[in-house]
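Text of the file start_21.cif, holding mmCIF, C-alpha atoms and all ligand atoms:
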```cif
data_my_file
loop_
_atom_site.label_atom_id
_atom_site.label_comp_id
_atom_site.auth_asym_id
_atom_site.auth_seq_id
_atom_site.Cartn_x
_atom_site.Cartn_y
_atom_site.Cartn_z
CA MET A 1222 17.79 47.41 10.42
CA THR A 1223 17.48 50.81 12.08
CA SER A 1224 19.61 53.49 10.59
CA ARG A 1225 20.52 56.30 12.95
CA ARG A 1226 23.25 57.15 10.51
CA GLN A 1227 21.47 56.55 7.29
CA PHE A 1228 23.12 54.12 4.96
CA VAL A 1229 23.29 55.52 1.46
CA GLY A 1230 22.68 52.88 -1.16
CA GLY A 1231 23.76 49.34 -0.29
CA LEU A 1232 25.97 49.18 -3.33
CA LEU A 1233 27.02 52.16 -5.36
CA GLY A 1234 27.96 51.34 -8.92
CA ALA A 1235 31.70 51.70 -9.44
CA ALA A 1236 31.02 53.93 -12.45
CA VAL A 1237 29.46 56.73 -10.39
CA VAL A 1238 32.28 56.86 -7.88
CA SER A 1239 35.01 59.26 -8.88
CA ARG A 1240 38.48 59.54 -7.38
CA VAL A 1241 37.04 62.26 -5.18
CA GLY A 1242 34.33 59.84 -4.14
CA ALA A 1243 37.00 57.37 -3.17
CA ALA A 1244 38.12 59.77 -0.50
CA SER A 1245 34.68 59.90 1.11
CA LEU A 1246 33.86 57.77 4.09
CA PRO A 1247 31.27 55.04 3.46
CA GLU A 1248 28.20 55.27 5.69
CA ALA A 1249 28.29 53.03 8.74
CA PRO A 1250 25.03 51.09 8.97
CA LEU A 1251 23.79 50.62 12.51
CA ARG A 1252 21.71 48.02 14.25
CA GLU A 1253 20.21 48.25 17.70
CA SER A 1254 18.20 45.04 18.09
CA ALA A 1255 19.40 41.52 18.81
CA GLU A 1256 17.03 39.98 16.28
CA MET A 1257 18.45 37.72 13.56
CA ALA A 1258 18.65 39.67 10.30
CA PRO A 1259 17.77 37.85 7.07
CA PRO A 1260 20.77 36.70 5.03
CA LEU A 1261 22.39 39.52 3.03
CA PHE A 1262 22.50 38.41 -0.60
CA PRO A 1263 25.15 40.09 -2.75
CA LYS A 1264 23.63 42.41 -5.36
CA THR A 1265 26.59 42.05 -7.67
CA GLY A 1266 28.80 39.07 -8.46
CA PRO A 1267 30.43 36.91 -7.49
CA HIS A 1268 27.42 35.21 -5.97
CA TYR A 1269 27.44 33.12 -2.84
CA ASN A 1270 25.09 31.64 -0.27
CA PRO A 1271 25.28 34.18 2.57
CA VAL A 1272 25.67 33.21 6.22
CA VAL A 1273 23.06 33.78 8.88
CA THR A 1274 24.45 35.20 12.12
CA LEU A 1275 22.61 34.09 15.27
CA ASN A 1276 21.02 37.20 16.84
CA GLY A 1277 23.08 39.25 14.41
CA TRP A 1278 23.50 40.67 10.94
CA SER A 1279 25.95 41.12 8.08
CA LEU A 1280 27.51 44.47 7.28
CA PRO A 1281 26.42 46.07 3.99
CA TRP A 1282 29.19 47.47 1.82
CA ARG A 1283 29.67 49.64 -1.21
CA MET A 1284 31.78 48.93 -4.31
CA ASN A 1285 34.34 51.60 -5.14
CA ASN A 1286 36.57 51.09 -8.21
CA GLY A 1287 36.85 47.38 -7.62
CA TRP A 1288 37.21 47.67 -3.84
CA LYS A 1289 34.59 46.38 -1.42
CA GLU A 1290 34.30 49.11 1.22
CA PHE A 1291 33.01 48.50 4.73
CA HIS A 1292 32.79 50.89 7.67
CA LEU A 1293 33.04 49.66 11.26
CA VAL A 1294 32.44 52.01 14.17
CA ALA A 1295 33.86 50.89 17.53
CA GLU A 1296 31.57 52.23 20.25
CA PRO A 1297 29.79 51.56 23.54
CA VAL A 1298 26.55 49.62 22.95
CA ARG A 1299 23.65 48.16 24.89
CA ARG A 1300 23.04 44.47 24.26
CA GLN A 1301 20.04 42.55 25.49
CA LEU A 1302 21.50 39.17 26.60
CA ALA A 1303 18.00 37.70 26.84
CA PRO A 1304 14.63 39.27 27.63
CA GLY A 1305 15.05 40.59 31.19
CA MET A 1306 18.70 41.55 31.03
CA THR A 1307 20.58 44.19 29.07
CA ALA A 1308 24.33 44.71 29.40
CA ASN A 1309 26.52 47.76 28.80
CA LEU A 1310 29.11 46.44 26.36
CA TRP A 1311 31.49 47.74 23.75
CA GLY A 1312 30.99 46.62 20.17
CA TYR A 1313 30.70 47.78 16.59
CA ASN A 1314 27.90 49.57 14.72
CA GLY A 1315 25.42 49.40 17.57
CA GLN A 1316 25.83 45.83 18.76
CA SER A 1317 28.12 43.31 20.39
CA PRO A 1318 29.28 41.28 18.64
CA GLY A 1319 29.80 43.54 15.67
CA PRO A 1320 28.23 42.74 12.30
CA THR A 1321 29.52 39.76 10.32
CA ILE A 1322 31.72 40.82 7.42
CA GLU A 1323 31.20 38.68 4.31
CA CYS A 1324 33.25 38.79 1.17
CA VAL A 1325 34.64 36.50 -1.50
CA GLU A 1326 38.02 34.92 -2.07
CA GLY A 1327 40.01 37.32 -4.26
CA ASP A 1328 38.03 40.41 -3.14
CA LYS A 1329 39.97 43.58 -2.49
CA VAL A 1330 38.49 44.97 0.72
CA ARG A 1331 38.89 48.40 2.28
CA ILE A 1332 37.65 48.57 5.85
CA PHE A 1333 37.28 51.95 7.56
CA VAL A 1334 37.42 51.77 11.35
CA THR A 1335 36.17 54.75 13.33
CA ASN A 1336 36.89 54.84 17.06
CA ARG A 1337 34.08 56.19 19.24
CA LEU A 1338 35.33 54.43 22.37
CA PRO A 1339 36.76 56.38 25.32
CA GLU A 1340 40.20 54.88 24.60
CA HIS A 1341 42.34 53.88 21.62
CA THR A 1342 41.76 50.64 19.72
CA THR A 1343 42.80 48.67 16.61
CA ILE A 1344 41.31 45.75 14.68
CA HIS A 1345 43.16 42.52 14.06
CA TRP A 1346 41.85 40.32 11.22
CA HIS A 1347 42.27 36.90 12.83
CA GLY A 1348 43.28 34.18 10.36
CA ILE A 1349 43.52 36.41 7.27
CA LEU A 1350 46.78 36.19 5.31
CA LEU A 1351 47.65 39.84 4.69
CA PRO A 1352 50.51 42.34 4.55
CA ASN A 1353 52.11 42.82 7.95
CA GLY A 1354 51.12 46.47 8.27
CA MET A 1355 47.41 45.56 7.94
CA ASP A 1356 47.48 43.05 10.80
CA GLY A 1357 46.14 45.48 13.38
CA VAL A 1358 48.47 44.92 16.32
CA GLY A 1359 48.64 48.31 18.06
CA GLY A 1360 52.23 49.46 18.58
CA LEU A 1361 53.68 46.55 16.59
CA THR A 1362 52.25 46.93 13.09
CA GLN A 1363 50.47 50.31 13.30
CA PRO A 1364 49.89 53.27 15.60
CA GLN A 1365 46.83 52.95 17.86
CA ILE A 1366 43.58 54.36 16.47
CA GLY A 1367 43.06 57.32 18.80
CA VAL A 1368 39.72 58.41 20.22
CA GLY A 1369 37.64 59.97 17.43
CA LYS A 1370 40.05 58.87 14.67
CA THR A 1371 39.37 56.72 11.60
CA PHE A 1372 41.90 54.28 10.14
CA VAL A 1373 41.74 52.41 6.84
CA TYR A 1374 42.71 48.76 6.32
CA GLU A 1375 43.22 47.54 2.74
CA PHE A 1376 44.03 44.01 1.70
CA GLN A 1377 43.02 41.23 -0.66
CA MET A 1378 41.24 38.11 0.62
CA LYS A 1379 43.63 35.41 -0.53
CA HIS A 1380 41.75 32.39 0.76
CA SER A 1381 38.20 31.41 1.67
CA GLY A 1382 37.17 30.25 5.11
CA THR A 1383 36.00 31.34 8.55
CA PHE A 1384 37.79 34.12 10.40
CA MET A 1385 37.07 36.83 12.95
CA TYR A 1386 37.99 40.35 13.93
CA HIS A 1387 38.78 41.79 17.34
CA PRO A 1388 40.91 44.56 18.86
CA HIS A 1389 44.63 44.07 19.43
CA ALA A 1390 44.76 47.02 21.84
CA ASP A 1391 43.96 46.90 25.57
CA GLU A 1392 42.77 43.40 24.78
CA MET A 1393 41.84 42.31 28.27
CA VAL A 1394 39.34 45.14 28.59
CA GLN A 1395 38.12 45.36 25.02
CA MET A 1396 37.38 41.66 24.59
CA ALA A 1397 35.87 41.37 28.10
CA MET A 1398 33.54 44.18 26.98
CA GLY A 1399 32.39 42.27 23.89
CA MET A 1400 34.43 43.65 20.97
CA MET A 1401 34.50 40.98 18.29
CA GLY A 1402 32.84 39.91 15.06
CA SER A 1403 32.75 37.08 12.52
CA LEU A 1404 34.49 37.36 9.16
CA VAL A 1405 33.50 34.95 6.42
CA VAL A 1406 35.31 34.67 3.10
CA HIS A 1407 33.22 32.68 0.61
CA PRO A 1408 34.93 30.52 -2.01
CA ARG A 1409 35.02 32.10 -5.47
CA ASP A 1410 33.56 28.87 -6.90
CA PRO A 1411 30.09 28.66 -5.30
CA ASN A 1412 30.10 24.88 -5.67
CA PHE A 1413 33.26 24.50 -3.58
CA MET A 1414 32.28 23.30 -0.08
CA ARG A 1415 28.67 24.26 -0.82
CA VAL A 1416 26.08 23.98 1.96
CA ASP A 1417 22.37 24.80 2.09
CA ARG A 1418 22.43 26.67 5.41
CA ASP A 1419 25.40 28.43 6.85
CA PHE A 1420 25.24 29.80 10.42
CA ALA A 1421 27.85 31.79 12.33
CA PHE A 1422 28.28 32.85 15.93
CA MET A 1423 30.98 33.72 18.45
CA LEU A 1424 31.54 32.48 21.99
CA ALA A 1425 31.98 35.29 24.52
CA ALA A 1426 31.95 35.27 28.33
CA TYR A 1427 31.10 38.08 30.73
CA ASP A 1428 31.30 38.60 34.45
CA ILE A 1429 28.32 40.74 35.42
CA GLU A 1430 27.22 40.82 39.07
CA PRO A 1431 23.53 40.04 39.58
CA GLY A 1432 21.77 43.40 39.47
CA ALA A 1433 24.58 45.12 37.53
CA ALA A 1434 24.89 45.75 33.77
CA THR A 1435 28.59 46.33 33.10
CA PRO A 1436 31.09 43.44 32.95
CA LYS A 1437 33.96 43.30 35.41
CA VAL A 1438 36.83 43.57 32.96
CA ALA A 1439 39.63 42.39 35.26
CA GLU A 1440 38.10 38.90 35.51
CA MET A 1441 40.40 36.11 34.35
CA THR A 1442 38.49 32.90 34.98
CA GLU A 1443 35.33 33.41 37.05
CA PHE A 1444 32.90 34.47 34.33
CA ASN A 1445 29.20 33.99 35.07
CA LEU A 1446 27.52 34.60 31.70
CA TRP A 1447 28.42 32.23 28.87
CA THR A 1448 27.13 33.61 25.61
CA TRP A 1449 26.71 32.85 21.94
CA ASN A 1450 26.92 36.17 20.15
CA SER A 1451 26.40 37.95 23.46
CA ARG A 1452 23.09 36.12 24.09
CA VAL A 1453 22.16 33.42 26.60
CA PHE A 1454 19.43 30.79 26.53
CA PRO A 1455 16.51 31.32 26.05
CA GLY A 1456 17.59 34.43 24.14
CA ILE A 1457 19.74 32.60 21.56
CA ASP A 1458 18.13 32.11 18.15
CA THR A 1459 17.14 28.58 17.24
CA LEU A 1460 18.68 27.10 14.08
CA ALA A 1461 15.81 26.39 11.69
CA VAL A 1462 16.88 23.77 9.18
CA ARG A 1463 15.08 22.00 6.35
CA ARG A 1464 15.27 18.22 6.53
CA ASN A 1465 18.20 16.85 4.48
CA ASP A 1466 19.83 20.26 4.19
CA ARG A 1467 23.60 20.27 4.42
CA VAL A 1468 24.30 22.62 7.33
CA ARG A 1469 27.44 24.47 8.38
CA VAL A 1470 27.82 26.17 11.76
CA ARG A 1471 30.89 28.42 12.17
CA ILE A 1472 31.83 28.85 15.83
CA ALA A 1473 34.60 31.22 16.97
CA ASN A 1474 35.83 31.29 20.56
CA LEU A 1475 36.99 34.53 22.19
CA THR A 1476 36.32 33.46 25.78
CA MET A 1477 39.17 32.53 28.12
CA THR A 1478 38.36 28.80 28.14
CA ASN A 1479 37.53 25.98 25.72
CA HIS A 1480 33.98 24.90 24.88
CA PRO A 1481 33.00 21.39 23.78
CA ILE A 1482 30.01 22.18 21.55
CA HIS A 1483 27.66 19.22 21.27
CA ILE A 1484 24.74 18.37 19.00
CA HIS A 1485 22.00 15.81 19.60
CA GLY A 1486 20.48 13.47 17.01
CA HIS A 1487 23.21 13.98 14.37
CA ASN A 1488 26.91 13.61 13.86
CA PHE A 1489 29.13 16.14 12.18
CA THR A 1490 32.64 16.72 10.93
CA VAL A 1491 34.88 19.73 11.41
CA ALA A 1492 35.08 21.11 7.87
CA CYS A 1493 37.05 24.29 8.44
CA THR A 1494 39.20 25.99 11.04
CA ASP A 1495 40.59 29.51 11.09
CA GLY A 1496 43.58 27.96 9.30
CA GLY A 1497 41.49 26.85 6.31
CA TRP A 1498 39.42 23.96 4.98
CA VAL A 1499 39.97 20.45 6.32
CA PRO A 1500 40.44 18.01 3.40
CA LYS A 1501 37.51 15.56 3.28
CA SER A 1502 39.89 12.61 3.72
CA ALA A 1503 41.07 14.09 7.03
CA ARG A 1504 37.64 14.54 8.65
CA TRP A 1505 36.12 12.15 11.16
CA PRO A 1506 32.66 11.92 12.70
CA GLU A 1507 31.99 13.65 16.01
CA THR A 1508 29.05 14.78 18.10
CA SER A 1509 31.10 17.29 20.14
CA ALA A 1510 33.80 19.62 18.85
CA ASP A 1511 36.07 21.34 21.30
CA ILE A 1512 36.56 24.97 20.32
CA PRO A 1513 39.90 26.09 21.78
CA VAL A 1514 40.49 29.63 22.99
CA GLY A 1515 41.21 31.98 20.09
CA ALA A 1516 40.14 29.40 17.51
CA ILE A 1517 37.33 28.70 15.06
CA ARG A 1518 35.69 25.44 14.06
CA ALA A 1519 33.11 25.18 11.30
CA ILE A 1520 31.11 21.98 11.70
CA GLU A 1521 29.01 20.39 8.94
CA PHE A 1522 26.24 17.84 9.01
CA VAL A 1523 23.29 16.60 6.98
CA ALA A 1524 20.13 17.37 8.95
CA ASP A 1525 18.40 14.07 8.22
CA ASN A 1526 16.67 13.60 11.57
CA PRO A 1527 13.52 15.70 12.14
CA GLY A 1528 12.96 17.09 15.63
CA ASP A 1529 14.04 19.68 18.17
CA TRP A 1530 17.66 18.85 18.90
CA ALA A 1531 19.57 20.37 21.80
CA PHE A 1532 22.77 22.14 20.68
CA HIS A 1533 24.96 23.33 23.53
CA CYS A 1534 28.27 23.59 25.31
CA HIS A 1535 28.90 20.38 27.23
CA LYS A 1536 30.44 22.10 30.25
CA SER A 1537 27.46 22.07 32.58
CA HIS A 1538 28.35 25.39 34.21
CA HIS A 1539 28.20 26.97 30.78
CA VAL A 1540 24.53 26.10 30.32
CA MET A 1541 23.44 28.18 33.26
CA ASN A 1542 23.31 31.86 33.98
CA ALA A 1543 24.78 33.89 36.85
CA MET A 1544 24.21 32.60 40.38
CA GLY A 1545 25.05 29.00 39.53
CA HIS A 1546 28.36 29.44 41.26
CA ASN A 1547 28.74 29.75 45.01
CA VAL A 1548 25.75 27.54 45.74
CA PRO A 1549 26.74 24.91 48.35
CA THR A 1550 25.93 21.29 47.49
CA MET A 1551 22.98 20.32 49.65
CA ILE A 1552 22.05 17.00 48.03
CA GLY A 1553 21.16 14.49 50.73
CA VAL A 1554 21.22 17.06 53.54
CA ASP A 1555 18.01 17.07 55.52
CA HIS A 1556 17.27 20.70 56.24
CA ARG A 1557 13.55 20.36 56.80
CA GLY A 1558 12.28 23.19 58.92
CA VAL A 1559 15.40 25.30 58.50
CA ALA A 1560 13.94 27.49 55.76
CA GLU A 1561 10.81 28.18 57.80
CA ARG A 1562 12.89 29.27 60.77
CA ILE A 1563 15.13 31.52 58.65
CA ASN A 1564 12.05 32.88 56.91
CA LYS A 1565 10.91 34.43 60.17
CA LEU A 1566 14.07 36.55 60.04
CA ILE A 1567 14.45 37.01 56.26
CA PRO A 1568 11.04 36.83 54.53
CA ASP A 1569 12.19 35.90 50.98
CA TYR A 1570 14.86 33.43 52.03
CA MET A 1571 14.91 30.19 50.09
CA LEU A 1572 16.97 27.14 50.83
CA MET A 1573 17.58 25.11 47.74
CA GLY A 1574 18.93 21.92 46.53
CA GLU A 1575 18.25 19.07 48.94
CA ARG A 1576 16.84 17.04 46.04
CA GLY A 1577 19.19 18.51 43.46
CA MET A 1578 18.71 21.91 41.91
CA ALA A 1579 16.11 21.12 39.27
CA ASP A 1580 13.44 22.89 41.32
CA MET A 1581 15.14 26.13 40.37
CA GLY A 1582 14.04 25.70 36.77
CA GLU A 1583 10.44 26.15 37.90
CA MET A 1584 10.89 28.42 40.88
CA GLU A 1585 9.62 31.97 40.71
CA MET A 1586 12.48 33.32 42.75
CA PRO A 1587 12.78 37.02 43.51
CA LEU A 1588 15.80 38.25 41.51
CA PRO A 1589 17.63 41.55 41.49
CA ASP A 1590 16.66 43.83 38.58
CA ASN A 1591 18.37 43.13 35.25
CA THR A 1592 19.25 39.58 36.32
CA LEU A 1593 18.35 36.33 34.61
CA PRO A 1594 17.33 33.15 36.44
CA MET A 1595 20.13 30.61 36.74
CA MET A 1596 18.12 27.90 34.98
CA THR A 1597 15.21 28.87 32.81
CA GLY A 1598 13.27 28.42 29.57
CA SER A 1599 10.27 26.21 28.95
CA GLY A 1600 9.49 23.66 26.28
CA PRO A 1601 6.43 21.66 25.25
CA PHE A 1602 6.98 19.27 28.18
CA GLY A 1603 7.84 21.78 30.92
CA ALA A 1604 10.86 23.64 32.28
CA ILE A 1605 14.06 23.16 30.24
CA GLU A 1606 16.32 24.18 33.19
CA MET A 1607 19.06 25.70 31.08
CA GLY A 1608 20.80 29.03 30.54
CA GLY A 1609 23.99 30.20 28.87
CA MET A 1610 25.31 28.37 25.82
CA PHE A 1611 22.23 26.37 24.82
CA THR A 1612 19.84 26.47 21.90
CA VAL A 1613 17.85 24.13 19.66
CA VAL A 1614 18.40 22.95 16.08
CA LYS A 1615 14.91 22.55 14.61
CA VAL A 1616 14.94 20.11 11.72
CA ARG A 1617 11.68 20.25 9.75
CA GLU A 1618 10.27 18.93 6.50
CA GLY A 1619 9.65 21.42 3.73
CA LEU A 1620 10.91 24.73 5.10
CA ALA A 1621 11.38 27.34 2.39
CA ARG A 1622 14.97 27.75 1.24
CA ASN A 1623 15.67 31.02 3.07
CA ASP A 1624 13.21 30.63 5.89
CA TYR A 1625 15.09 30.92 9.20
CA LYS A 1626 12.04 31.72 11.36
CA ASP A 1627 11.57 29.59 14.48
CA PRO A 1628 9.08 26.93 13.30
CA GLY A 1629 7.68 26.32 16.82
CA TRP A 1630 7.93 23.05 18.75
CA TYR A 1631 8.30 19.71 17.00
CA GLN A 1632 5.13 17.60 16.73
CA HIS A 1633 6.33 14.13 17.63
CA PRO A 1634 4.76 11.29 15.66
CA ARG A 1635 2.56 9.08 17.86
CA GLY A 1636 4.49 6.55 19.88
CA THR A 1637 7.90 8.25 19.55
CA VAL A 1638 8.11 10.05 22.93
CA ALA A 1639 9.53 8.52 26.12
CA TYR A 1640 6.62 7.65 28.40
CA GLU A 1641 5.85 6.72 31.97
CA TRP A 1642 5.60 3.04 32.90
CA LYS A 1643 2.10 2.47 34.23
CA GLY A 1644 2.34 -1.29 34.99
CA ASP A 1645 3.01 -3.00 38.33
CA PRO A 1646 4.90 -0.85 40.85
CA PRO A 1647 8.64 -1.60 41.18
CA PRO A 1648 9.88 -3.76 44.09
CA ALA A 1649 10.85 -2.05 47.39
CA ALA A 1650 13.55 0.62 47.13
CA ARG A 1651 17.12 -0.62 47.40
CA GLU A 1652 18.80 0.04 50.73
CA GLN A 1653 21.40 2.81 50.67
CA PRO A 1654 24.89 1.36 51.15
CA ALA A 1655 26.14 2.34 54.65
CA ALA A 1656 29.76 3.31 55.27
CA ALA A 1657 31.70 0.95 57.55
CA GLY A 1658 30.95 1.60 61.21
CA GLU A 1659 27.99 3.87 60.46
CA LYS A 1660 24.33 3.10 60.74
CA GLY A 1661 22.81 5.34 58.10
CA PRO A 1662 23.91 6.37 54.61
CA ALA A 1663 27.12 8.36 54.44
CA LEU A 1664 26.39 12.01 53.78
CA ARG A 1665 28.91 14.60 52.99
CA ALA A 1666 28.14 18.18 52.02
CA LYS A 1667 30.94 20.23 50.64
CA LYS A 1668 31.20 23.71 49.28
CA PRO A 1669 32.57 24.27 45.81
CA ALA A 1670 36.11 25.53 45.82
CA GLY A 1671 36.06 27.85 42.82
CA HIS A 1672 36.28 27.14 39.11
CA ALA A 1673 39.74 28.26 38.24
CA GLY A 1674 40.04 25.29 35.96
CA HIS A 1675 37.04 25.80 33.69
CU CU A 1701 31.39 26.13 27.43
#
```
Written as structure tokens, that's how I'd like the structure from this file.
Ligand SMILES: [Cu+2]
Amino acid sequence: MTSRRQFVGGLLGAAVVSRVGAASLPEAPLRESAEMAPPLFPKTGPHYNPVVTLNGWSLPWRMNNGWKEFHLVAEPVRRQLAPGMTANLWGYNGQSPGPTIECVEGDKVRIFVTNRLPEHTTIHWHGILLPNGMDGVGGLTQPQIGVGKTFVYEFQMKHSGTFMYHPHADEMVQMAMGMMGSLVVHPRDPNFMRVDRDFAFMLAAYDIEPGAATPKVAEMTEFNLWTWNSRVFPGIDTLAVRRNDRVRVRIANLTMTNHPIHIHGHNFTVACTDGGWVPKSARWPETSADIPVGAIRAIEFVADNPGDWAFHCHKSHHVMNAMGHNVPTMIGVDHRGVAERINKLIPDYMLMGERGMADMGEMEMPLPDNTLPMMTGSGPFGAIEMGGMFTVVKVREGLARNDYKDPGWYQHPRGTVAYEWKGDPPPAAREQPAAAGEKGPALRAKKPAGHAGH
């Protein structure tokens, strides 16, 4: 963690803090990198198994006369979405999303919020049961936090679970710019709903023109960057998991559409929503969980299947980066020779897609600065052809308990990888069915008509 504003003592003993001390502002720790921070273990009780935030961190606090004090600073930030692209966003304490806030059921928390944005803001504590005046809805439950001002929120965490924070002021702009963070309240009894590994991330979408760095904030539906914690594949952390660990992944959605999040090689249950824990008798097995807009789902599974398992949104446009839209469908269209002719006029011109678009995963295409390829990333067997909301759960034998480092690619046991048939060649290719009255196969090329329904 870098500390531009130096953080004084992770936890000050309550005894040394006087009433005068209570009036002082806690330091606001700052982070500038998108690297996953190690889990933040509490230095005083009650103890809990901390969460790990993908490409993120948890906010240190200080104790002050029985209150857990945090300090969030709302401010413009620069966030690397993946190597090769950095966006101008708004966030908290140096990053978007802001740091994860972790506390314990029953904790009294005092959260200072300083506004360094160019406009007013507030913070709403989504899912927390609290006094009305602490709910953070600008104009309704409190005055707006003006530019340069600091407000204080004080409430007790009445129930454990998975929550989030975000502004309730100029929402369209402030959420489109990346203002959000996870909020985890651990059960007071550490054996209640215990897991071995506990991950958290938020779904956010941006509309950033290729070559630009600042999101278009008026966008309603046509986003082109689908992120987990403001990162896209291959920039999203992998989830390193020890075989047979019980794993929880807390996923909060602040995009403007739903995301069916899917895991390979395992099944899971939804164990918690932003409304609380799901009783065990009410859970059912799934491999995809739809995360509605403005909602949270915490999924749980036992990682009993070693390997590198894809973990992604199942909307195919959400596993690619900008430029996936507005490409006409060219499958089956014979445009041999066309590219060469256009090339004489426009040297870098590329015509793509007559055999599908998979070639793009390997193509070294000239891109505008600060722009990611539409499909990218490589694995042990070649191009992965993904982007956006995609990462890998890496289930391995014998990882150390708090080791979240990427363990590299899975070494498949002999004879367990799909392989090419090398026997007799297949019989002659099947004839393409011809449409009535036509000689050849029916070909139709049509342009996409927008994605208002994603
Ligand atoms: Cu999605």
Select the residues contacting ligand CU 1701 (chain A) at a distance of at most 7 Å, based on only C-alpha atoms and all ligand atoms, then format the selection as number ranges by chain.
-> A: 1447, 1479-1481, 1534-1536, 1539, 1610
Extract, using only C-alpha atoms, all DNA, RNA and protein residues at most 7 Å from Ser1403 in chain A, discarding same-chain residues fewer than 6 positions from it, and format them as an MDAnalysis selection string.
-> chainID A and resid 1321:1322 1384:1386
Measure the distance from CA of Asp1391 in chain A to CA of Gly1497 in chain A in Å and round it to one decimal.
->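 CA of Asp1391 in chain A sits 27.9 Å away from CA of Gly1497 in chain A.
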Within 9 Å of Trp1505 in chain A using all atoms listed in the file, minus same-chain residues under 3 positions, as a list in words =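 Non-adjacent residues within range: Phe1489, Thr1490, Val1491, Lys1501 and Ser1502 of chain A.
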Quick one: contact table of range 1428-1473 of chain A to range 1258-1275 of chain A, 9 Å max, nearest atom pair and distance in Å to one decimal per residue, counting all atoms listed in the file, chain and number order, as a tab-separated table?
```
residue	atom	partner	partner_atom	distance
A:Trp1449	CA	A:Leu1275	CA	7.9
A:Asn1450	CA	A:Leu1275	CA	6.8
A:Ile1457	CA	A:Leu1275	CA	7.1
A:Asp1458	CA	A:Leu1275	CA	5.7
A:Thr1459	CA	A:Leu1275	CA	8.0
A:Leu1460	CA	A:Leu1275	CA	8.1
```
Figure out the distance between CA of Glu1618 in chain A and CA of Val1540 in chain A, please, to one decimal in Å.
->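 According to the coordinates, CA of Val1540 in chain A and CA of Glu1618 in chain A are separated by 28.7 Å.
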Using all atoms listed in the file, pick whichever of A:Ala1621, A:Leu1350, A:Ala1255, A:Ile1332 has the shortest atom-to-atom distance to Gly1315 in chain A.
->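 Residue with the minimum atom-to-atom distance to Gly1315 in chain A: A:Ala1255.
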Near His1387 in chain A, counting only C-alpha atoms, which residues have an atom at most 10 Å away, once you skip same-chain residues fewer than 2 positions from it, shown as an mmCIF file with C-alpha atoms, keeping the file's coordinate frame?
```cif
data_model
loop_
_atom_site.group_PDB
_atom_site.id
_atom_site.type_symbol
_atom_site.label_atom_id
_atom_site.label_comp_id
_atom_site.auth_asym_id
_atom_site.auth_seq_id
_atom_site.Cartn_x
_atom_site.Cartn_y
_atom_site.Cartn_z
ATOM 1 C CA GLY A 1312 30.990 46.620 20.170
ATOM 2 C CA PRO A 1318 29.280 41.280 18.640
ATOM 3 C CA GLY A 1319 29.800 43.540 15.670
ATOM 4 C CA THR A 1342 41.760 50.640 19.720
ATOM 5 C CA THR A 1343 42.800 48.670 16.610
ATOM 6 C CA ILE A 1344 41.310 45.750 14.680
ATOM 7 C CA HIS A 1345 43.160 42.520 14.060
ATOM 8 C CA TRP A 1346 41.850 40.320 11.220
ATOM 9 C CA HIS A 1347 42.270 36.900 12.830
ATOM 10 C CA GLY A 1357 46.140 45.480 13.380
ATOM 11 C CA MET A 1385 37.070 36.830 12.950
ATOM 12 C CA HIS A 1389 44.630 44.070 19.430
ATOM 13 C CA ALA A 1390 44.760 47.020 21.840
ATOM 14 C CA GLU A 1392 42.770 43.400 24.780
ATOM 15 C CA GLN A 1395 38.120 45.360 25.020
ATOM 16 C CA MET A 1396 37.380 41.660 24.590
ATOM 17 C CA GLY A 1399 32.390 42.270 23.890
ATOM 18 C CA MET A 1400 34.430 43.650 20.970
ATOM 19 C CA MET A 1401 34.500 40.980 18.290
ATOM 20 C CA GLY A 1402 32.840 39.910 15.060
ATOM 21 C CA SER A 1403 32.750 37.080 12.520
ATOM 22 C CA LEU A 1475 36.990 34.530 22.190
#
```
Which is closer to Leu1310 in chain A than all the others in A:Gly1432, A:Pro1297, A:Pro1527, A:Pro1339, using only C-alpha atoms?
-> A:Pro1297
Between A:Ala1433, A:Leu1404, A:Val1334, A:Leu1246, which is the closest to Gly1348 in chain A once you count all atoms listed in the file?
->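 Of A:Ala1433, A:Leu1404, A:Val1334, A:Leu1246, the one nearest Gly1348 in chain A is A:Leu1404, counting all atoms listed in the file.
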Write out as JSON an axis-aligned box for range 1300-1315 of chain A: all of its atoms listed in the file, 8 Å added on each side, centre and edge lengths in Å with one decimal.
```
{"center_x": 23.1, "center_y": 43.6, "center_z": 23.0, "size_x": 32.9, "size_y": 27.9, "size_z": 32.5}
```
Range 1510-1518 of chain A environment, 8 Å, all atoms listed in the file, sequence neighbours closer than 5 positions dropped, as a list in words =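 Within the cut-off, the hits are Thr1383, Phe1384, Arg1471, Ile1472, Ala1473, Asn1474, Leu1475, Thr1476, Met1477, Thr1478, Asn1479, His1480, Pro1481, Ile1482, His1483, Val1491, Ala1492, Cys1493, Thr1494 and Asp1495 of chain A.
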Work out how far apart CA of Gln1316 in chain A and CA of Ser1254 in chain A are and give it in Å to one decimal.
->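 Computing the Euclidean distance for CA of Gln1316 in chain A and CA of Ser1254 in chain A yields 7.7 Å.
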Expected residue set, 8 Å radius at (26.4, 44.2, 27.9), all atoms listed in the file, as a VMD selection string = chain A and resid 1298 to 1302 1307 to 1311 1317 1398 to 1399 1434 to 1436 1451
Pick the closest to Met1257 in chain A from A:Ser1537, A:Asn1445, A:Asn1286, A:Asn1276: which is it, counting all atoms listed in the file?
->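 Looking only at the distances to Met1257 in chain A, the closest residue turns out to be A:Asn1276.
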Taking into account only C-alpha atoms, which residue in the set A:Leu1280, A:Asp1529, A:Gly1359, A:Arg1418 is nearest to Asp1624 in chain A?
-> A:Arg1418
